[in-house]
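Heads up: the structure comes next, in structure tokens.
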Amino acid sequence: MAILDILIFPDPRLRQKARPVEQVDDQVRRLVDDMLETMYAAPGIGLAATQVDVQRQVIVIDVSEGHDSPLCFINPRIVAREGTEQMDEGCLSVPGFFETVTRADRVTIEALDRDGNPFRLEADGLLSVCMQHEIDHLDGKLFVDHISILKRQRIRHKLEKQRKERQHAESARAREAAAEPRRSAI
């Protein structure tokens, strides 16, 4: 298994729509395992393949207290929605920011499991919100699309500033490393 790089907003790759998985095979199961490892390491409770630059309809979620009940959804789709609920949401692709988002309180999902078997799941509360959030990712949407334009722009500017600061620091470290004299052992 491997920890994958998570794309950060406003990376344009996050806006791409994921393609359906045509066949669940070892490569897809390996992606699921890598996504779970990445999600737990982040740490997070959900991750869509598009967040790790894989444009396939794959989601992993674990909303359990002990982070020991992983769920996998391949080609998920919402077939029913009921009620509304407001909940503070965050996102591994929008680190450090939380905003209140209104979503359906209860959803029914149809998907394939990690072995390619179809299943149906009714979810409410946090699992329902997480499912909708991750399915949004597969459609090229982020939770910031559910908040005001002003708030979204503020978040975008702060994350762009952080990215530039990281790049500047990395460039400075590379210049310092290149300037150090090389020593050879004889």
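Identifiers for the structure tokens are assigned positionally: chains receive A, B, ... in sequence, residues are indexed from 1 per chain, and ligands are indexed from 1 in the order shown.
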Skip region 142-158 of chain A itself and residues of its chain fewer than 2 positions away, then list as a list in words all residues within 7 Å of it, counting only C-alpha atoms.
Phe9, Pro10, Val101, His133, Asp136, His137, Gly140, Glu160, Lys161 and Gln162 of chain A
So that I can check the secondary structure, give me every residue of region 37-111 of chain A assigned alpha helix (DSSP H) by backbone DSSP, as a ChimeraX atom specification.
/A:37-41
List the spatial neighbours of Leu31 (chain A) as a list in words - criterion: any atom at most 9 Å away, only C-alpha atoms, same-chain residues fewer than 2 positions off excluded.
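With the cut-off at 9 Å, the set is Met1, Asp26, Gln27, Val28, Arg29, Asp33, Asp34, Met35, Leu36, Ala49, Val54 and Val58 of chain A.
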Could you list, as a tab-separated table (two decimals) with N, CA and C atoms, in the first residue's frame, every residue within 9 Å of Gln132 (chain A), counting only C-alpha atoms and ignoring same-chain residues fewer than 3 positions away?
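Below you can see out.tsv, which holds the result:
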chain	number	residue	atom	x	y	z
A	78	ILE	N	-26.56	8.36	-5.98
A	78	ILE	CA	-27.64	8.61	-5.04
A	78	ILE	C	-28.95	8.35	-5.76
A	103	ARG	N	-27.29	19.89	3.20
A	103	ARG	CA	-27.39	18.70	2.34
A	103	ARG	C	-28.62	17.90	2.77
A	104	ALA	N	-28.92	16.85	2.01
A	104	ALA	CA	-30.01	15.95	2.38
A	104	ALA	C	-29.65	15.25	3.70
A	107	VAL	N	-29.92	9.67	2.60
A	107	VAL	CA	-29.75	9.30	1.20
A	107	VAL	C	-29.75	7.78	1.07
A	127	LEU	N	-22.74	9.93	7.97
A	127	LEU	CA	-22.47	9.08	6.80
A	127	LEU	C	-23.17	9.63	5.57
A	128	SER	N	-24.39	10.11	5.71
A	128	SER	CA	-25.13	10.69	4.58
A	128	SER	C	-24.40	11.93	4.04
A	129	VAL	N	-23.99	12.79	4.95
A	129	VAL	CA	-23.28	14.01	4.54
A	129	VAL	C	-21.97	13.65	3.86
A	135	ILE	N	-19.34	12.11	-3.29
A	135	ILE	CA	-19.92	11.99	-4.64
A	135	ILE	C	-19.81	13.32	-5.37
A	136	ASP	N	-19.93	14.44	-4.65
A	136	ASP	CA	-19.68	15.74	-5.28
A	136	ASP	C	-18.29	15.76	-5.92
A	137	HIS	N	-17.28	15.24	-5.20
A	137	HIS	CA	-15.92	15.22	-5.76
A	137	HIS	C	-15.89	14.49	-7.11
Which residues are near region 69-75 of chain A? Cut-off 8 Å, only C-alpha atoms, ignore same chain within fewer than 6 positions. Put them as a VMD selection string.
chain A and resid 20 to 21 32 36 57 to 63 111 to 114 116
My list of candidates is A:Leu121, A:Ile109, A:Val52, A:Ala169. Which is closest to Arg13 (chain A) when distances are computed with only C-alpha atoms?
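Closest candidate: A:Val52.
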From the list A:Pro76, A:Gly66, A:Pro118, A:Pro95, which residue is nearest Asp139 (chain A) when using only C-alpha atoms?
A:Pro76
To one decimal place in Å, what is the distance between CA of Ala42 (chain A) and CA of Phe97 (chain A)?
14.5 Å
Interatomic distance (Å, one decimal) between CA of Leu92 (chain A) and CA of Leu47 (chain A):
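That distance, rounded to one decimal, is 7.7 Å.
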Closest of A:Leu7, A:Val24, A:Ala48, A:Ala18 to Glu134 (chain A) - atom-to-atom distances counting only C-alpha atoms
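Result for the nearest residue to Glu134 (chain A): A:Ala48.
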